[in-house]
>>> print(open('target.cif').read())   # mmCIF, C-alpha atoms
data_protein
loop_
_atom_site.label_atom_id
_atom_site.label_comp_id
_atom_site.auth_asym_id
_atom_site.auth_seq_id
_atom_site.Cartn_x
_atom_site.Cartn_y
_atom_site.Cartn_z
CA MET A 1 -102.83 -146.73 -103.46
CA ILE A 2 -105.92 -147.39 -105.59
CA SER A 3 -108.08 -146.14 -102.73
CA LEU A 4 -106.10 -142.86 -102.58
CA VAL A 5 -106.44 -142.31 -106.33
CA ARG A 6 -110.20 -143.01 -106.20
CA ARG A 7 -110.63 -140.59 -103.27
CA GLN A 8 -108.75 -137.88 -105.15
CA LEU A 9 -110.81 -138.43 -108.31
CA ALA A 10 -114.00 -138.28 -106.25
CA MET A 11 -112.94 -135.20 -104.23
CA PRO A 12 -109.68 -133.55 -105.27
CA ARG A 13 -108.10 -131.66 -102.37
CA GLY A 14 -104.77 -130.35 -101.20
CA PRO A 15 -101.58 -130.46 -103.28
CA LEU A 16 -102.48 -133.88 -104.65
CA GLY A 17 -105.88 -132.50 -105.62
CA TRP A 18 -104.21 -129.73 -107.62
CA ILE A 19 -102.23 -132.38 -109.53
CA THR A 20 -105.34 -134.56 -109.94
CA GLY A 21 -107.23 -131.61 -111.45
CA HIS A 22 -104.53 -130.97 -114.01
CA ILE A 23 -104.48 -134.64 -114.95
CA MET A 24 -108.30 -134.66 -115.21
CA ALA A 25 -108.15 -131.64 -117.53
CA ARG A 26 -106.15 -133.67 -120.01
CA MET A 27 -108.03 -136.95 -119.59
CA ASN A 28 -110.80 -138.08 -121.87
CA PRO A 29 -111.24 -135.05 -124.16
CA VAL A 30 -113.03 -137.35 -126.63
CA ARG A 31 -115.57 -138.37 -123.96
CA ARG A 32 -116.03 -134.76 -122.87
CA ASP A 33 -116.59 -133.55 -126.44
CA TRP A 34 -118.98 -136.41 -127.17
CA VAL A 35 -121.12 -135.76 -124.07
CA VAL A 36 -121.22 -132.01 -124.76
CA SER A 37 -122.27 -132.71 -128.36
CA ARG A 38 -125.30 -134.65 -127.02
CA LEU A 39 -126.63 -131.43 -125.46
CA ASP A 40 -127.59 -129.74 -128.76
CA LEU A 41 -126.46 -126.42 -127.30
CA GLN A 42 -128.01 -123.20 -128.54
CA PRO A 43 -126.49 -119.71 -128.13
CA GLY A 44 -129.16 -118.59 -125.63
CA ASP A 45 -129.32 -121.72 -123.46
CA TYR A 46 -129.04 -121.70 -119.69
CA VAL A 47 -126.74 -124.63 -118.90
CA LEU A 48 -125.64 -126.27 -115.66
CA GLU A 49 -122.67 -128.60 -115.27
CA VAL A 50 -122.74 -130.70 -112.12
CA GLY A 51 -119.19 -131.64 -111.15
CA PHE A 52 -117.26 -129.23 -113.39
CA GLY A 53 -113.86 -130.45 -112.18
CA SER A 54 -111.02 -128.48 -113.74
CA GLY A 55 -113.44 -126.47 -115.89
CA THR A 56 -112.60 -127.80 -119.36
CA SER A 57 -116.23 -128.60 -120.18
CA ILE A 58 -117.36 -125.20 -118.92
CA ALA A 59 -114.86 -123.60 -121.32
CA GLU A 60 -116.11 -125.72 -124.22
CA VAL A 61 -119.77 -124.94 -123.49
CA ALA A 62 -118.99 -121.21 -123.13
CA GLY A 63 -117.69 -121.28 -126.68
CA LYS A 64 -121.10 -122.45 -127.91
CA VAL A 65 -123.49 -120.68 -125.51
CA THR A 66 -122.67 -117.10 -126.41
CA ALA A 67 -125.88 -115.33 -125.33
CA GLY A 68 -127.03 -117.53 -122.44
CA LEU A 69 -125.55 -118.49 -119.10
CA ILE A 70 -123.36 -121.37 -117.98
CA ILE A 71 -123.27 -122.30 -114.30
CA GLY A 72 -121.14 -124.97 -112.70
CA VAL A 73 -121.40 -126.67 -109.31
CA ASP A 74 -118.63 -128.84 -107.87
CA HIS A 75 -117.99 -129.97 -104.30
CA SER A 76 -114.20 -129.52 -104.50
CA GLU A 77 -112.59 -126.20 -103.55
CA ALA A 78 -109.46 -127.28 -105.44
CA MET A 79 -111.48 -127.75 -108.63
CA PHE A 80 -113.29 -124.46 -108.06
CA HIS A 81 -109.92 -122.65 -108.06
CA GLN A 82 -108.66 -124.46 -111.19
CA ALA A 83 -111.90 -123.90 -113.08
CA THR A 84 -111.91 -120.23 -112.05
CA LYS A 85 -108.45 -119.72 -113.52
CA ARG A 86 -109.31 -121.64 -116.69
CA ASN A 87 -112.54 -119.66 -117.27
CA LYS A 88 -111.50 -116.22 -116.02
CA LYS A 89 -112.55 -114.30 -119.14
CA ALA A 90 -116.02 -115.91 -119.27
CA LEU A 91 -116.46 -115.42 -115.51
CA ASP A 92 -115.47 -111.75 -115.79
CA SER A 93 -117.97 -111.26 -118.62
CA GLY A 94 -120.79 -112.70 -116.46
CA ARG A 95 -121.53 -115.54 -118.91
CA VAL A 96 -120.18 -118.17 -116.48
CA GLN A 97 -120.74 -118.63 -112.76
CA LEU A 98 -119.11 -121.27 -110.56
CA HIS A 99 -120.32 -122.54 -107.18
CA VAL A 100 -119.01 -124.96 -104.58
CA GLY A 101 -121.58 -127.45 -103.33
CA PRO A 102 -122.89 -131.00 -103.52
CA ALA A 103 -124.72 -132.54 -106.49
CA THR A 104 -127.53 -133.60 -104.17
CA LYS A 105 -128.39 -130.06 -103.02
CA LEU A 106 -128.12 -127.68 -105.96
CA PRO A 107 -128.36 -123.98 -105.00
CA PHE A 108 -131.33 -123.11 -107.22
CA ALA A 109 -134.87 -122.63 -105.91
CA TYR A 110 -136.76 -123.30 -109.14
CA PRO A 111 -136.44 -124.79 -112.65
CA TYR A 112 -133.83 -122.55 -114.20
CA PHE A 113 -131.94 -124.51 -116.86
CA ASP A 114 -132.55 -125.66 -120.42
CA LYS A 115 -129.72 -128.23 -120.22
CA VAL A 116 -127.96 -129.94 -117.34
CA PHE A 117 -125.01 -132.26 -117.73
CA SER A 118 -122.39 -134.18 -115.82
CA ILE A 119 -119.30 -136.06 -116.96
CA ASP A 120 -117.49 -138.72 -114.92
CA VAL A 121 -119.25 -137.84 -111.67
CA ALA A 122 -122.08 -140.36 -111.13
CA GLN A 123 -119.72 -143.27 -110.46
CA TYR A 124 -118.36 -141.44 -107.38
CA GLU A 125 -121.74 -140.47 -105.88
CA ARG A 126 -123.05 -142.45 -102.92
CA ASP A 127 -126.60 -141.92 -104.17
CA PRO A 128 -126.59 -141.04 -107.88
CA VAL A 129 -130.40 -141.10 -108.03
CA ALA A 130 -130.55 -138.24 -105.50
CA GLY A 131 -128.21 -136.22 -107.73
CA PHE A 132 -130.28 -137.03 -110.82
CA LYS A 133 -133.46 -135.94 -109.01
CA GLU A 134 -131.78 -132.61 -108.27
CA MET A 135 -130.78 -132.27 -111.92
CA LYS A 136 -134.40 -132.88 -112.94
CA ARG A 137 -135.70 -130.44 -110.31
CA VAL A 138 -133.67 -127.53 -111.74
CA LEU A 139 -134.59 -128.25 -115.38
CA ARG A 140 -137.25 -126.18 -117.08
CA PRO A 141 -140.16 -128.14 -118.60
CA GLY A 142 -138.88 -129.71 -121.80
CA GLY A 143 -135.28 -129.41 -120.56
CA MET A 144 -132.69 -132.11 -121.13
CA ALA A 145 -130.11 -133.73 -118.85
CA VAL A 146 -127.13 -135.74 -120.11
CA VAL A 147 -124.83 -137.79 -117.91
CA GLY A 148 -121.74 -139.47 -119.32
CA LEU A 149 -119.15 -141.70 -117.77
CA GLU A 150 -116.62 -144.40 -118.51
CA SER A 151 -118.30 -147.68 -119.34
CA GLN A 152 -117.49 -150.65 -117.14
CA GLY A 153 -119.39 -152.99 -119.46
CA PRO A 154 -123.04 -153.44 -120.50
CA GLN A 155 -124.26 -153.12 -116.91
CA THR A 156 -123.09 -149.49 -116.80
CA ALA A 157 -125.67 -148.39 -119.38
CA LYS A 158 -128.47 -150.45 -117.76
CA LYS A 159 -127.74 -149.01 -114.29
CA LEU A 160 -127.48 -145.44 -115.56
CA GLU A 161 -130.75 -145.74 -117.46
CA ALA A 162 -132.53 -147.32 -114.47
CA ASP A 163 -131.27 -144.54 -112.18
CA PHE A 164 -132.49 -141.85 -114.61
CA LEU A 165 -135.92 -143.47 -114.79
CA GLU A 166 -136.06 -143.74 -110.99
CA ALA A 167 -135.22 -140.02 -110.77
CA GLY A 168 -138.31 -139.29 -112.88
CA PHE A 169 -136.83 -138.50 -116.28
CA GLU A 170 -138.89 -139.28 -119.37
CA ASP A 171 -137.91 -140.48 -122.83
CA VAL A 172 -134.61 -141.80 -121.47
CA GLN A 173 -132.09 -142.72 -124.16
CA THR A 174 -128.75 -144.44 -123.71
CA GLN A 175 -125.85 -144.20 -126.15
CA SER A 176 -122.35 -145.65 -126.18
CA TYR A 177 -119.23 -144.30 -127.82
CA GLU A 178 -115.74 -145.75 -127.56
CA ASP A 179 -115.18 -146.31 -123.81
CA ALA A 180 -118.11 -144.14 -122.70
CA VAL A 181 -121.81 -144.40 -122.04
CA ALA A 182 -124.24 -141.50 -121.80
CA VAL A 183 -127.86 -141.29 -120.83
CA ALA A 184 -130.16 -138.43 -121.75
CA GLY A 185 -133.55 -137.69 -120.26
CA TRP A 186 -136.14 -134.95 -120.54
CA ARG A 187 -138.32 -133.25 -117.99
#
>>> encode(input="target.cif", output="structure tokens")
Amino acid sequence: MISLVRRQLAMPRGPLGWITGHIMARMNPVRRDWVVSRLDLQPGDYVLEVGFGSGTSIAEVAGKVTAGLIIGVDHSEAMFHQATKRNKKALDSGRVQLHVGPATKLPFAYPYFDKVFSIDVAQYERDPVAGFKEMKRVLRPGGMAVVGLESQGPQTAKKLEADFLEAGFEDVQTQSYEDAVAVAGWR
């Protein structure tokens, strides 16, 4: 049973994926808000969320980035459909775009974003460093990436920081809040 739940959290699909997405939308709003607050969002920023899930973070960011662009990439078709419904108005206005694809092969040819973030995704990646390298690759010079996830103890922060450094980020900073840990790095 635990294996099934973990698989659904990692890649929601089918009817159970639809349910998982709705549960995820209501889980951890404090963690989501805290990670988004780390981004220091500006109205004209170009922002990428890797692993947008049900789209709640996209909606929150769209409320702050009013003159820029928010793009999300997630590998789950089920989450793409939920996030599309949740963000219909922002999608229709052109301020938000959603794509289906893996974190390790982002569909952008050059550094495009001021900010890149991910929440509760890295712990499900087979190779989180490869995903972090992709995040760095699509950041403009001086851009910032923030990754947040549930803390499993002090080793979570150490591992996350080491992976960010291995991916080539500079000035890496780790913060903890309640049950979460986040790491930020600059290009």
>>> resolve_selection(input="target.cif", expression="the PyMOL selection byres ((chain A and resi 139) around 9)", output="ChimeraX atom specification")
/A:110-116,134-138,140-145,186-187
>>> write_last_selection(input="target.cif", atoms="C-alpha atoms", output="PDB file, keeping the file's coordinate frame")
ATOM      1  CA  TYR A 110    -136.760-123.300-109.140  1.00  0.00           C
ATOM      2  CA  PRO A 111    -136.440-124.790-112.650  1.00  0.00           C
ATOM      3  CA  TYR A 112    -133.830-122.550-114.200  1.00  0.00           C
ATOM      4  CA  PHE A 113    -131.940-124.510-116.860  1.00  0.00           C
ATOM      5  CA  ASP A 114    -132.550-125.660-120.420  1.00  0.00           C
ATOM      6  CA  LYS A 115    -129.720-128.230-120.220  1.00  0.00           C
ATOM      7  CA  VAL A 116    -127.960-129.940-117.340  1.00  0.00           C
ATOM      8  CA  GLU A 134    -131.780-132.610-108.270  1.00  0.00           C
ATOM      9  CA  MET A 135    -130.780-132.270-111.920  1.00  0.00           C
ATOM     10  CA  LYS A 136    -134.400-132.880-112.940  1.00  0.00           C
ATOM     11  CA  ARG A 137    -135.700-130.440-110.310  1.00  0.00           C
ATOM     12  CA  VAL A 138    -133.670-127.530-111.740  1.00  0.00           C
ATOM     13  CA  ARG A 140    -137.250-126.180-117.080  1.00  0.00           C
ATOM     14  CA  PRO A 141    -140.160-128.140-118.600  1.00  0.00           C
ATOM     15  CA  GLY A 142    -138.880-129.710-121.800  1.00  0.00           C
ATOM     16  CA  GLY A 143    -135.280-129.410-120.560  1.00  0.00           C
ATOM     17  CA  MET A 144    -132.690-132.110-121.130  1.00  0.00           C
ATOM     18  CA  ALA A 145    -130.110-133.730-118.850  1.00  0.00           C
ATOM     19  CA  TRP A 186    -136.140-134.950-120.540  1.00  0.00           C
ATOM     20  CA  ARG A 187    -138.320-133.250-117.990  1.00  0.00           C
TER      21      ARG A 187
END
>>> residues_around(input="target.cif", residues="region 71-85 of chain A", least_positions_apart="6", cutoff="6 Å", atoms="all atoms listed in the file", output="JSON, numbers by chain")
{"A": [11, 13, 48, 49, 50, 51, 52, 53, 54, 55, 96, 97, 98, 99, 100, 101, 102]}
>>> resolve_selection(input="target.cif", expression="the PyMOL selection byres ((chain A and resi 158-163) around 10)", output="mmCIF file with C-alpha atoms, in the frame of the given file")
data_model
loop_
_atom_site.group_PDB
_atom_site.id
_atom_site.type_symbol
_atom_site.label_atom_id
_atom_site.label_comp_id
_atom_site.auth_asym_id
_atom_site.auth_seq_id
_atom_site.Cartn_x
_atom_site.Cartn_y
_atom_site.Cartn_z
ATOM 1 C CA ALA A 122 -122.080 -140.360 -111.130
ATOM 2 C CA GLN A 123 -119.720 -143.270 -110.460
ATOM 3 C CA ASP A 127 -126.600 -141.920 -104.170
ATOM 4 C CA PRO A 128 -126.590 -141.040 -107.880
ATOM 5 C CA VAL A 129 -130.400 -141.100 -108.030
ATOM 6 C CA ALA A 130 -130.550 -138.240 -105.500
ATOM 7 C CA GLY A 131 -128.210 -136.220 -107.730
ATOM 8 C CA PHE A 132 -130.280 -137.030 -110.820
ATOM 9 C CA LYS A 133 -133.460 -135.940 -109.010
ATOM 10 C CA VAL A 147 -124.830 -137.790 -117.910
ATOM 11 C CA GLY A 148 -121.740 -139.470 -119.320
ATOM 12 C CA LEU A 149 -119.150 -141.700 -117.770
ATOM 13 C CA GLY A 153 -119.390 -152.990 -119.460
ATOM 14 C CA PRO A 154 -123.040 -153.440 -120.500
ATOM 15 C CA GLN A 155 -124.260 -153.120 -116.910
ATOM 16 C CA THR A 156 -123.090 -149.490 -116.800
ATOM 17 C CA ALA A 157 -125.670 -148.390 -119.380
ATOM 18 C CA PHE A 164 -132.490 -141.850 -114.610
ATOM 19 C CA LEU A 165 -135.920 -143.470 -114.790
ATOM 20 C CA GLU A 166 -136.060 -143.740 -110.990
ATOM 21 C CA ALA A 167 -135.220 -140.020 -110.770
ATOM 22 C CA GLY A 168 -138.310 -139.290 -112.880
ATOM 23 C CA PHE A 169 -136.830 -138.500 -116.280
ATOM 24 C CA VAL A 172 -134.610 -141.800 -121.470
ATOM 25 C CA GLN A 173 -132.090 -142.720 -124.160
ATOM 26 C CA THR A 174 -128.750 -144.440 -123.710
ATOM 27 C CA VAL A 181 -121.810 -144.400 -122.040
ATOM 28 C CA ALA A 182 -124.240 -141.500 -121.800
ATOM 29 C CA VAL A 183 -127.860 -141.290 -120.830
ATOM 30 C CA ALA A 184 -130.160 -138.430 -121.750
ATOM 31 C CA GLY A 185 -133.550 -137.690 -120.260
#
>>> closest_residue(input="target.cif", among="A:Arg86, A:Arg95, A:Lys105, A:Lys64", to="Ser37 (chain A)", atoms="only C-alpha atoms")
A:Lys64
>>> atom_distance(input="target.cif", atom1="CA of Ala59 (chain A)", atom2="CA of Asn87 (chain A)")
6.1 Å
